[in-house]
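Asks: Contents of start-v4.tsv (TSV, C-alpha atoms) are below:
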```tsv
chain	number	residue	atom	x	y	z
H	24	MET	CA	-127.56	11.17	0.82
H	25	ASN	CA	-126.01	14.63	0.66
H	26	GLU	CA	-128.32	15.66	3.49
H	27	TRP	CA	-127.16	12.91	5.81
H	28	PRO	CA	-125.15	14.39	8.67
H	29	LEU	CA	-121.62	13.24	9.45
H	30	TRP	CA	-121.03	11.34	12.70
H	31	GLU	CA	-117.78	10.70	14.58
H	32	ILE	CA	-117.52	7.14	15.88
H	33	PHE	CA	-115.79	5.98	19.06
H	34	ILE	CA	-115.29	2.30	19.90
H	35	ARG	CA	-114.31	0.74	23.20
H	36	SER	CA	-112.50	-2.53	22.74
H	37	GLN	CA	-113.09	-5.56	24.93
H	38	HIS	CA	-109.93	-4.91	26.93
H	39	GLY	CA	-110.09	-1.15	27.03
H	40	LEU	CA	-111.45	1.42	29.40
H	41	ALA	CA	-111.94	4.32	27.03
H	42	HIS	CA	-113.77	4.77	23.77
H	43	LYS	CA	-111.30	5.58	21.02
H	44	HIS	CA	-112.04	7.60	17.92
H	45	VAL	CA	-111.96	5.29	14.90
H	46	GLY	CA	-113.40	7.37	12.10
H	47	SER	CA	-116.58	8.87	10.77
H	48	LEU	CA	-119.56	7.95	8.65
H	49	HIS	CA	-122.83	9.33	7.29
H	50	ALA	CA	-126.22	8.30	8.61
H	51	PRO	CA	-129.69	9.85	8.53
H	52	ASP	CA	-130.25	9.61	12.30
H	53	ALA	CA	-128.76	8.40	15.59
H	54	ALA	CA	-130.05	4.82	15.47
H	55	MET	CA	-128.72	4.29	11.95
H	56	ALA	CA	-125.41	5.90	12.97
H	57	VAL	CA	-124.92	3.20	15.60
H	58	ARG	CA	-125.98	0.49	13.13
H	59	ASN	CA	-123.64	1.75	10.43
H	60	ALA	CA	-120.84	2.02	12.97
H	61	ARG	CA	-121.42	-1.59	13.95
H	62	ASP	CA	-121.22	-2.64	10.29
H	63	VAL	CA	-118.28	-0.47	9.28
H	64	TYR	CA	-116.09	-0.35	12.39
H	65	THR	CA	-116.66	-3.58	14.27
H	66	ARG	CA	-116.38	-6.14	11.48
H	67	ARG	CA	-113.14	-7.53	12.86
H	68	ASN	CA	-114.19	-7.75	16.47
H	69	GLU	CA	-112.74	-4.35	17.25
H	70	GLY	CA	-115.03	-3.54	20.12
H	71	VAL	CA	-117.96	-4.02	22.45
H	72	SER	CA	-119.33	-0.51	22.75
H	73	ILE	CA	-120.11	2.22	20.25
H	74	TRP	CA	-120.52	5.95	20.76
H	75	ALA	CA	-121.75	8.06	17.85
H	76	VAL	CA	-121.67	11.84	18.02
H	77	LYS	CA	-122.76	14.25	15.32
H	78	SER	CA	-119.60	15.91	14.04
H	79	ALA	CA	-121.35	19.25	14.25
H	80	ASP	CA	-121.83	18.74	18.02
H	81	ILE	CA	-118.15	18.34	18.72
H	82	VAL	CA	-116.47	21.44	20.08
H	83	ALA	CA	-112.71	21.44	19.58
H	84	SER	CA	-109.93	23.69	20.78
H	85	ASP	CA	-108.51	26.09	18.23
H	86	PRO	CA	-105.02	24.99	17.06
H	87	ASP	CA	-103.93	28.66	17.08
H	88	ASP	CA	-104.55	28.75	20.83
H	89	ARG	CA	-102.24	25.82	21.44
H	90	ASP	CA	-99.47	27.83	23.06
H	91	ALA	CA	-101.77	29.74	25.39
H	92	LEU	CA	-103.70	26.63	26.37
H	93	PHE	CA	-100.96	24.05	26.81
H	94	GLU	CA	-97.50	25.63	27.06
H	95	PRO	CA	-97.85	26.79	30.68
H	96	SER	CA	-98.22	23.24	31.97
H	97	HIS	CA	-94.83	22.13	30.56
H	98	ASP	CA	-92.75	23.34	33.54
H	99	LYS	CA	-95.01	23.03	36.55
H	100	VAL	CA	-93.50	19.92	38.02
H	101	TYR	CA	-95.23	20.47	41.38
H	102	ARG	CA	-98.53	19.50	39.75
H	103	HIS	CA	-97.35	15.94	39.28
H	104	PRO	CA	-97.98	13.56	42.22
H	105	THR	CA	-94.41	12.20	42.27
H	106	PHE	CA	-92.97	13.64	45.51
H	107	PHE	CA	-94.62	11.31	47.99
H	108	PRO	CA	-92.33	8.68	49.51
H	109	MET	CA	-94.09	5.37	49.10
H	110	PRO	CA	-94.16	3.19	52.23
H	111	ASP	CA	-92.78	-0.32	51.70
H	112	GLY	CA	-95.49	-2.89	51.38
H	113	VAL	CA	-97.94	-0.62	49.58
H	114	LYS	CA	-98.66	-2.24	46.28
H	115	HIS	CA	-100.58	-1.06	43.25
H	116	LEU	CA	-100.55	2.67	43.86
N	26	MET	CA	-139.40	-41.70	2.74
N	27	THR	CA	-136.82	-42.36	5.42
N	28	HIS	CA	-135.91	-39.93	8.14
N	29	ASP	CA	-132.55	-39.23	6.49
N	30	GLU	CA	-134.17	-38.62	3.10
N	31	ALA	CA	-136.48	-36.06	4.67
N	32	LEU	CA	-133.62	-34.54	6.68
N	33	LEU	CA	-131.53	-34.18	3.52
N	34	GLU	CA	-134.36	-32.33	1.77
N	35	TYR	CA	-134.92	-30.12	4.83
N	36	THR	CA	-131.29	-29.10	5.25
N	37	LEU	CA	-131.01	-28.39	1.52
N	38	ARG	CA	-134.04	-26.13	1.80
N	39	LEU	CA	-132.40	-24.19	4.62
N	40	GLY	CA	-128.98	-23.97	2.99
N	41	ASP	CA	-130.16	-23.22	-0.54
N	42	THR	CA	-132.36	-20.34	0.61
N	43	ASP	CA	-129.39	-18.78	2.43
N	44	VAL	CA	-126.98	-19.26	-0.49
N	45	VAL	CA	-129.37	-17.85	-3.11
N	46	LEU	CA	-130.17	-14.79	-0.99
N	47	ALA	CA	-126.46	-14.30	-0.27
N	48	GLN	CA	-125.78	-14.36	-4.00
N	49	ARG	CA	-128.49	-11.73	-4.55
N	50	LEU	CA	-127.01	-9.48	-1.86
N	51	SER	CA	-123.53	-9.86	-3.33
N	52	GLU	CA	-124.87	-8.24	-6.51
N	53	TRP	CA	-125.03	-5.02	-4.50
N	54	VAL	CA	-121.25	-4.92	-3.96
N	55	GLY	CA	-120.00	-1.63	-5.33
N	56	HIS	CA	-123.54	-0.51	-6.14
N	57	GLY	CA	-124.80	0.46	-2.70
N	58	PRO	CA	-126.45	3.86	-2.40
N	59	ILE	CA	-123.78	4.94	0.07
N	60	ILE	CA	-120.56	3.23	1.25
N	61	GLU	CA	-121.94	2.41	4.69
N	62	GLU	CA	-124.95	0.62	3.18
N	63	ASP	CA	-122.73	-1.15	0.64
N	64	ILE	CA	-120.77	-2.64	3.54
N	65	ALA	CA	-123.87	-3.39	5.63
N	66	LEU	CA	-125.77	-5.20	2.85
N	67	THR	CA	-122.83	-7.31	1.90
N	68	ASN	CA	-122.15	-8.10	5.57
N	69	VAL	CA	-125.67	-9.53	5.73
N	70	GLY	CA	-124.93	-11.51	2.57
N	71	LEU	CA	-121.73	-12.90	4.06
N	72	ASP	CA	-123.55	-13.91	7.23
N	73	LEU	CA	-126.13	-15.77	5.14
N	74	LEU	CA	-123.46	-17.42	3.03
N	75	GLY	CA	-121.73	-18.64	6.20
N	76	GLN	CA	-124.98	-20.10	7.46
N	77	GLY	CA	-125.69	-21.64	4.05
N	78	ARG	CA	-122.30	-23.36	4.12
N	79	MET	CA	-123.08	-24.93	7.50
N	80	TRP	CA	-126.44	-26.24	6.31
N	81	LEU	CA	-125.05	-27.59	3.02
N	82	ALA	CA	-122.10	-29.21	4.75
N	83	TYR	CA	-124.54	-31.02	7.02
N	84	ALA	CA	-126.68	-31.98	4.02
N	85	GLY	CA	-123.61	-33.54	2.39
N	86	GLU	CA	-122.89	-35.54	5.53
N	87	ILE	CA	-126.46	-36.83	5.68
N	88	GLU	CA	-126.16	-37.84	2.04
N	89	THR	CA	-122.92	-39.69	2.76
N	90	ARG	CA	-124.25	-41.61	5.76
N	91	SER	CA	-127.52	-42.57	4.07
N	92	LYS	CA	-126.27	-43.36	0.55
N	93	GLY	CA	-122.62	-44.21	1.10
N	94	HIS	CA	-121.41	-41.26	-0.94
N	95	GLY	CA	-122.27	-37.59	-0.69
N	96	ARG	CA	-121.42	-34.21	-2.13
N	97	SER	CA	-119.35	-31.51	-0.51
N	98	GLU	CA	-120.83	-28.06	0.16
N	99	ASP	CA	-118.99	-26.79	-2.93
N	100	GLU	CA	-120.36	-29.54	-5.16
N	101	LEU	CA	-123.84	-28.85	-3.88
N	102	ALA	CA	-123.50	-25.11	-4.45
N	103	PHE	CA	-121.80	-25.14	-7.84
N	104	LEU	CA	-122.84	-28.28	-9.67
N	105	ARG	CA	-126.63	-28.43	-9.29
N	106	ASP	CA	-128.98	-27.02	-11.88
N	107	ALA	CA	-132.05	-24.97	-10.95
N	108	GLY	CA	-134.46	-27.89	-10.67
N	109	ALA	CA	-132.35	-29.44	-7.95
N	110	TRP	CA	-132.31	-26.32	-5.78
N	111	ARG	CA	-134.63	-26.15	-2.79
N	112	ASN	CA	-134.60	-22.47	-1.88
N	113	ALA	CA	-137.80	-20.58	-1.22
N	114	GLN	CA	-138.79	-18.53	-4.28
N	115	LEU	CA	-138.63	-15.28	-2.31
N	116	ALA	CA	-134.84	-15.56	-2.12
N	117	GLU	CA	-134.35	-15.64	-5.90
N	118	MET	CA	-136.46	-12.52	-6.57
N	119	PRO	CA	-134.35	-9.85	-8.31
N	120	ASN	CA	-132.80	-7.00	-6.36
N	121	GLY	CA	-134.73	-4.31	-8.21
N	122	ASP	CA	-134.25	-0.97	-6.50
N	123	PHE	CA	-133.27	-0.46	-2.88
N	124	ALA	CA	-136.89	-0.67	-1.73
N	125	ASP	CA	-137.35	-4.02	-3.51
N	126	THR	CA	-134.21	-5.37	-1.86
N	127	MET	CA	-135.24	-4.16	1.59
N	128	ALA	CA	-138.81	-5.43	1.23
N	129	ARG	CA	-137.48	-8.88	0.32
N	130	GLN	CA	-134.99	-8.74	3.17
N	131	PHE	CA	-137.59	-7.52	5.67
N	132	TYR	CA	-140.10	-10.26	4.87
N	133	PHE	CA	-137.38	-12.89	4.92
N	134	ASP	CA	-135.49	-11.74	8.04
N	135	GLN	CA	-138.56	-11.69	10.30
N	136	ALA	CA	-139.50	-15.22	9.18
N	137	HIS	CA	-135.90	-16.43	9.29
N	138	LEU	CA	-135.47	-15.25	12.89
N	139	LEU	CA	-138.63	-17.04	14.03
N	140	LEU	CA	-137.54	-20.16	12.16
N	141	LEU	CA	-134.04	-20.22	13.66
N	142	ARG	CA	-135.27	-19.62	17.19
N	143	ALA	CA	-137.63	-22.58	16.76
N	144	LEU	CA	-134.85	-24.72	15.25
N	145	ALA	CA	-132.56	-23.93	18.18
N	146	LYS	CA	-134.79	-26.34	20.10
N	147	SER	CA	-134.58	-29.08	17.47
N	148	ALA	CA	-134.19	-32.69	18.55
N	149	ASP	CA	-131.37	-32.88	16.00
N	150	ALA	CA	-128.31	-31.60	17.84
N	151	ARG	CA	-126.54	-30.31	14.74
N	152	ILE	CA	-129.57	-28.36	13.56
N	153	ALA	CA	-129.99	-26.84	17.03
N	154	GLU	CA	-126.32	-25.86	17.12
N	155	ILE	CA	-126.29	-24.19	13.69
N	156	ALA	CA	-129.59	-22.45	14.37
N	157	ALA	CA	-128.48	-21.07	17.74
N	158	LYS	CA	-125.41	-19.50	16.20
N	159	ALA	CA	-127.25	-18.18	13.15
N	160	ALA	CA	-130.05	-16.69	15.25
N	161	LYS	CA	-127.64	-14.15	16.75
N	162	GLU	CA	-126.66	-12.88	13.31
N	163	VAL	CA	-130.24	-12.87	12.07
N	164	ALA	CA	-131.51	-10.96	15.11
N	165	TYR	CA	-129.41	-8.09	13.83
N	166	HIS	CA	-130.54	-8.57	10.21
N	167	ALA	CA	-134.18	-8.43	11.30
N	168	GLU	CA	-133.72	-5.18	13.23
N	169	ARG	CA	-131.79	-3.65	10.36
N	170	SER	CA	-134.29	-4.41	7.63
N	171	ALA	CA	-137.20	-3.31	9.85
N	172	ASP	CA	-135.38	-0.01	10.48
N	173	TRP	CA	-135.04	0.55	6.74
N	174	VAL	CA	-138.70	-0.23	6.04
N	175	VAL	CA	-139.70	2.35	8.65
N	176	ARG	CA	-137.35	5.01	7.26
N	177	LEU	CA	-138.29	4.43	3.64
N	178	GLY	CA	-142.00	4.14	4.40
N	179	ASP	CA	-142.08	7.18	6.65
N	180	GLY	CA	-139.72	9.08	4.38
N	181	THR	CA	-140.32	11.10	1.25
N	182	ALA	CA	-143.29	10.62	-1.06
N	183	GLU	CA	-141.03	8.77	-3.49
N	184	SER	CA	-139.51	6.41	-0.92
N	185	HIS	CA	-142.99	5.71	0.48
N	186	ALA	CA	-144.39	4.86	-2.97
N	187	ARG	CA	-141.46	2.63	-3.88
N	188	MET	CA	-141.55	0.82	-0.54
N	189	GLN	CA	-145.29	0.21	-0.78
N	190	ARG	CA	-144.97	-1.11	-4.32
N	191	ALA	CA	-142.11	-3.39	-3.32
N	192	LEU	CA	-144.01	-4.84	-0.35
N	193	ASP	CA	-147.12	-5.38	-2.49
N	194	ASN	CA	-145.16	-7.09	-5.29
N	195	LEU	CA	-143.36	-9.52	-3.02
N	196	TRP	CA	-146.34	-10.32	-0.79
N	197	PRO	CA	-147.40	-13.43	-2.79
N	198	TYR	CA	-143.97	-14.96	-2.18
N	199	THR	CA	-144.25	-14.86	1.58
N	200	GLY	CA	-146.74	-17.71	1.90
N	201	GLU	CA	-144.13	-20.30	0.98
N	202	LEU	CA	-142.12	-19.43	4.09
N	203	PHE	CA	-144.87	-20.91	6.26
N	204	ALA	CA	-145.82	-23.95	4.20
N	205	ALA	CA	-145.37	-27.54	5.34
N	206	ASP	CA	-145.36	-30.55	3.05
N	207	ALA	CA	-144.85	-34.25	3.77
N	208	VAL	CA	-141.12	-33.74	4.33
N	209	ASP	CA	-141.79	-31.01	6.88
N	210	ARG	CA	-144.56	-32.96	8.58
N	211	MET	CA	-142.41	-36.04	9.10
N	212	LEU	CA	-139.64	-33.97	10.68
N	213	ILE	CA	-142.03	-31.78	12.69
N	214	ASP	CA	-143.49	-34.95	14.20
N	215	ALA	CA	-139.95	-36.08	15.05
N	216	GLY	CA	-139.28	-32.78	16.83
N	217	VAL	CA	-136.52	-31.99	14.35
N	218	ALA	CA	-138.06	-29.36	12.08
N	219	ALA	CA	-139.74	-26.11	13.01
N	220	ASP	CA	-143.52	-26.05	12.72
N	221	ALA	CA	-143.51	-23.39	10.03
N	222	PRO	CA	-147.30	-22.82	9.76
N	223	THR	CA	-147.38	-21.81	13.42
N	224	LEU	CA	-144.84	-19.09	12.70
N	225	ARG	CA	-147.13	-17.24	10.36
N	226	ALA	CA	-149.14	-15.48	13.08
N	227	PRO	CA	-146.17	-13.98	14.99
N	228	TRP	CA	-144.55	-13.06	11.67
N	229	ARG	CA	-147.68	-11.26	10.56
N	230	ALA	CA	-147.93	-9.42	13.87
N	231	THR	CA	-144.36	-8.13	13.46
N	232	VAL	CA	-144.95	-7.12	9.84
N	233	GLU	CA	-148.16	-5.29	10.77
N	234	ARG	CA	-146.45	-3.42	13.58
N	235	VAL	CA	-143.50	-2.30	11.46
N	236	LEU	CA	-145.66	-1.30	8.50
N	237	ALA	CA	-147.92	0.72	10.77
N	238	GLU	CA	-144.90	2.58	12.14
N	239	ALA	CA	-143.71	3.08	8.57
N	240	THR	CA	-147.14	4.54	7.59
N	241	LEU	CA	-147.41	1.78	4.99
N	242	ARG	CA	-150.44	-0.25	4.04
N	243	MET	CA	-150.46	-3.96	4.90
N	244	PRO	CA	-150.68	-5.89	1.60
N	245	ALA	CA	-153.90	-7.81	1.10
N	246	GLY	CA	-154.41	-10.95	-0.92
N	247	GLU	CA	-154.73	-14.53	0.13
N	248	TRP	CA	-153.26	-16.21	-2.94
N	249	MET	CA	-149.67	-17.27	-2.52
N	250	GLN	CA	-147.01	-18.41	-4.98
N	251	GLY	CA	-145.60	-21.87	-4.54
N	252	GLY	CA	-148.72	-23.55	-3.25
N	253	ASN	CA	-149.91	-27.05	-4.06
N	254	GLY	CA	-146.44	-28.50	-3.71
N	255	ARG	CA	-145.09	-26.32	-6.48
N	256	GLY	CA	-142.83	-24.08	-4.46
N	257	GLY	CA	-139.14	-23.40	-4.62
N	258	ARG	CA	-138.73	-25.75	-1.67
N	259	GLN	CA	-140.02	-28.55	-3.88
N	260	GLY	CA	-137.72	-27.53	-6.75
N	261	VAL	CA	-140.18	-25.42	-8.78
N	262	HIS	CA	-138.57	-22.07	-9.43
N	263	THR	CA	-139.23	-18.78	-11.17
N	264	GLU	CA	-137.45	-17.69	-14.32
N	265	HIS	CA	-134.90	-15.88	-12.17
N	266	LEU	CA	-133.04	-18.76	-10.56
N	267	GLY	CA	-131.48	-20.05	-13.77
N	268	HIS	CA	-129.84	-16.71	-14.49
N	269	LEU	CA	-128.63	-16.34	-10.94
N	270	LEU	CA	-127.02	-19.78	-11.00
N	271	THR	CA	-125.46	-19.09	-14.40
N	272	GLU	CA	-123.51	-16.22	-12.91
N	273	MET	CA	-122.75	-17.97	-9.66
N	274	GLN	CA	-121.63	-21.28	-11.20
N	275	PHE	CA	-120.00	-20.07	-14.40
N	276	LEU	CA	-116.41	-20.37	-13.24
N	277	GLN	CA	-116.73	-23.84	-11.75
N	278	ARG	CA	-118.67	-25.10	-14.77
N	279	ALA	CA	-116.27	-23.59	-17.32
N	280	TYR	CA	-113.13	-24.71	-15.48
N	281	PRO	CA	-114.18	-27.84	-13.60
N	282	ARG	CA	-112.29	-28.49	-10.37
N	283	ALA	CA	-110.70	-25.05	-10.55
N	284	ARG	CA	-109.20	-24.02	-7.23
N	285	TRP	CA	-107.95	-20.74	-5.81
```
Give the structure from this file in structure tokens form.
Replies:
Amino acid sequence: MNEWPLWEIFIRSQHGLAHKHVGSLHAPDAAMAVRNARDVYTRRNEGVSIWAVKSADIVASDPDDRDALFEPSHDKVYRHPTFFPMPDGVKHL
Amino acid sequence: MTHDEALLEYTLRLGDTDVVLAQRLSEWVGHGPIIEEDIALTNVGLDLLGQGRMWLAYAGEIETRSKGHGRSEDELAFLRDAGAWRNAQLAEMPNGDFADTMARQFYFDQAHLLLLRALAKSADARIAEIAAKAAKEVAYHAERSADWVVRLGDGTAESHARMQRALDNLWPYTGELFAADAVDRMLIDAGVAADAPTLRAPWRATVERVLAEATLRMPAGEWMQGGNGRGGRQGVHTEHLGHLLTEMQFLQRAYPRARW
């Protein structure tokens, strides 16, 4: 079992739109990863859809780059769509 | 034999097989080869226990309406000795190693799925209802155990050898799953029971297909355990059931009427 790769599991709940990361597990291949995810992470009716991704395939941003990557967007208020006057009678926008 | 007498026997056969196999699977708790499999195996066991409870509860009701007094599902599960149990012998076979457990599960799941899908059309409304619900759970069990047989068969030399040996050893216990005695015949004629002998061919086709994919050899041998009316379903059991029930029933027998 030491050779089994690690998989990250994402579950979309019945009332959700996005798959959320719920944890990880080991499995020998993709089909078993989905099966194991069903058994480990949906026992309590947590969801209706499973995504399994090999942990090794996930590319993540480097925490050391956090300032360079994300700081500049803190004070660019013009990028937010909040300056349009909404006409009366327009709902759900 | 009245219809209710036959129906009582039939529902006990269904429930007892589920409960005994659930008890076997519960022996894997904490001993699974990996945490994910520990959870998966015991999930299957819990599913089977839930189904067993539904069948035994119905059996108790049939007993009550036909004899005036009947046993609860708990009394049926914890107060009967081995000779009164009606599970198929395959269910009481020991867990052995992981290949033995998966071979037993694979043989059983494929037959169980066919059986439940047939019972979902039973003329008995309660049987149809229980079977329809259980079939959804068992569809998953059947895929799972087939997946394992393929991976173990088409795996390493060791897993292949163990899987082949396990399938060969348990082969003689599969015949009982497709037997029909007088109890079955009466209920088959009434449209209540599944016609088990007709399920053998589709079961065999599935087993052949999965074993071929797993690069395993189909076991040969015509002789089956439990023939001539001496099967687990008639109350004739192997040496294993007594020990299994000893563990399962110990608490209730030692402290009668104990409650959580």
Asks: Do me a favour and pick out the residues of chain H within 8 Å of chain N, using all atoms listed in the file, as a PyMOL selection string.
Replies: chain H and resi 24+48-49+58-59+62-63
Asks: Take CA of Gly200 in chain N and CA of Trp248 in chain N and report the distance between them in Å, one decimal.
Replies: 8.3 Å
Asks: Calculated over all atoms listed in the file, which of the candidates N:Arg190, N:Arg258, N:His28, N:His94 has the smallest distance to Ala116 in chain N?
Replies: N:Arg258
Asks: Between N:Leu212, N:Leu73, N:Ala124, N:Ala237, which is the closest to Asp149 in chain N once you count only C-alpha atoms?
Replies: N:Leu212
Asks: Using only C-alpha atoms, give me every residue within 10 Å of (-121.4, 13.5, 16.1) in file coordinates, as a PyMOL selection string.
Replies: chain H and resi 28-33+47-49+53+56+74-81
Asks: Rounded to one decimal, what separation in Å do you get between CA of Arg129 in chain N and CA of Asp209 in chain N?
Replies: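 So the answer is 23.5 Å.
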Asks: Mind giving me the straight-line distance from CA of Met249 in chain N to CA of Val163 in chain N in Å, one decimal?
Replies: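 Between these atoms lies a distance of 24.7 Å.
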Asks: Could you pull out every residue with an atom within 12 Å of (-130.8, -30.1, 18.1), file coordinates, counting only C-alpha atoms, and send them as a ChimeraX atom specification?
Replies: /N:141-157,215-219
Asks: Take the residues that were just selected and, keeping C-alpha atoms, output them as an mmCIF file, in the coordinates of the input.
Replies:
```cif
data_model
loop_
_atom_site.group_PDB
_atom_site.id
_atom_site.type_symbol
_atom_site.label_atom_id
_atom_site.label_comp_id
_atom_site.auth_asym_id
_atom_site.auth_seq_id
_atom_site.Cartn_x
_atom_site.Cartn_y
_atom_site.Cartn_z
ATOM 1 C CA LEU N 141 -134.040 -20.220 13.660
ATOM 2 C CA ARG N 142 -135.270 -19.620 17.190
ATOM 3 C CA ALA N 143 -137.630 -22.580 16.760
ATOM 4 C CA LEU N 144 -134.850 -24.720 15.250
ATOM 5 C CA ALA N 145 -132.560 -23.930 18.180
ATOM 6 C CA LYS N 146 -134.790 -26.340 20.100
ATOM 7 C CA SER N 147 -134.580 -29.080 17.470
ATOM 8 C CA ALA N 148 -134.190 -32.690 18.550
ATOM 9 C CA ASP N 149 -131.370 -32.880 16.000
ATOM 10 C CA ALA N 150 -128.310 -31.600 17.840
ATOM 11 C CA ARG N 151 -126.540 -30.310 14.740
ATOM 12 C CA ILE N 152 -129.570 -28.360 13.560
ATOM 13 C CA ALA N 153 -129.990 -26.840 17.030
ATOM 14 C CA GLU N 154 -126.320 -25.860 17.120
ATOM 15 C CA ILE N 155 -126.290 -24.190 13.690
ATOM 16 C CA ALA N 156 -129.590 -22.450 14.370
ATOM 17 C CA ALA N 157 -128.480 -21.070 17.740
ATOM 18 C CA ALA N 215 -139.950 -36.080 15.050
ATOM 19 C CA GLY N 216 -139.280 -32.780 16.830
ATOM 20 C CA VAL N 217 -136.520 -31.990 14.350
ATOM 21 C CA ALA N 218 -138.060 -29.360 12.080
ATOM 22 C CA ALA N 219 -139.740 -26.110 13.010
#
```
Asks: Please provide as a list in words all residues within 10 Å of Gly254 in chain N, with the sequence filter that same-chain residues fewer than 6 positions apart are discarded (counting all atoms listed in the file).
Replies: Glu201, Ala204, Ala205, Asp206, Ala207, Gly260 and Val261 of chain N
Asks: Please, what is the axis-aligned box for every listed atom of range 240-256 of chain N with 3 Å on each side, as centre and edge lengths in Å to one decimal, as AutoDock Vina command-line options?
Replies:
```
--center_x -148.8 --center_y -12.0 --center_z 0.6 --size_x 17.9 --size_y 39.0 --size_z 20.1
```
Asks: Got a sec: who's within 12 Å of Ala102 in chain N, counting all atoms listed in the file, leaving out chain neighbours fewer than 2 positions off, as number ranges by chain?
Replies: N: 37, 40-45, 47-48, 74, 77-82, 84-85, 96-100, 104-107, 109-112, 270-271, 273-275, 277-278
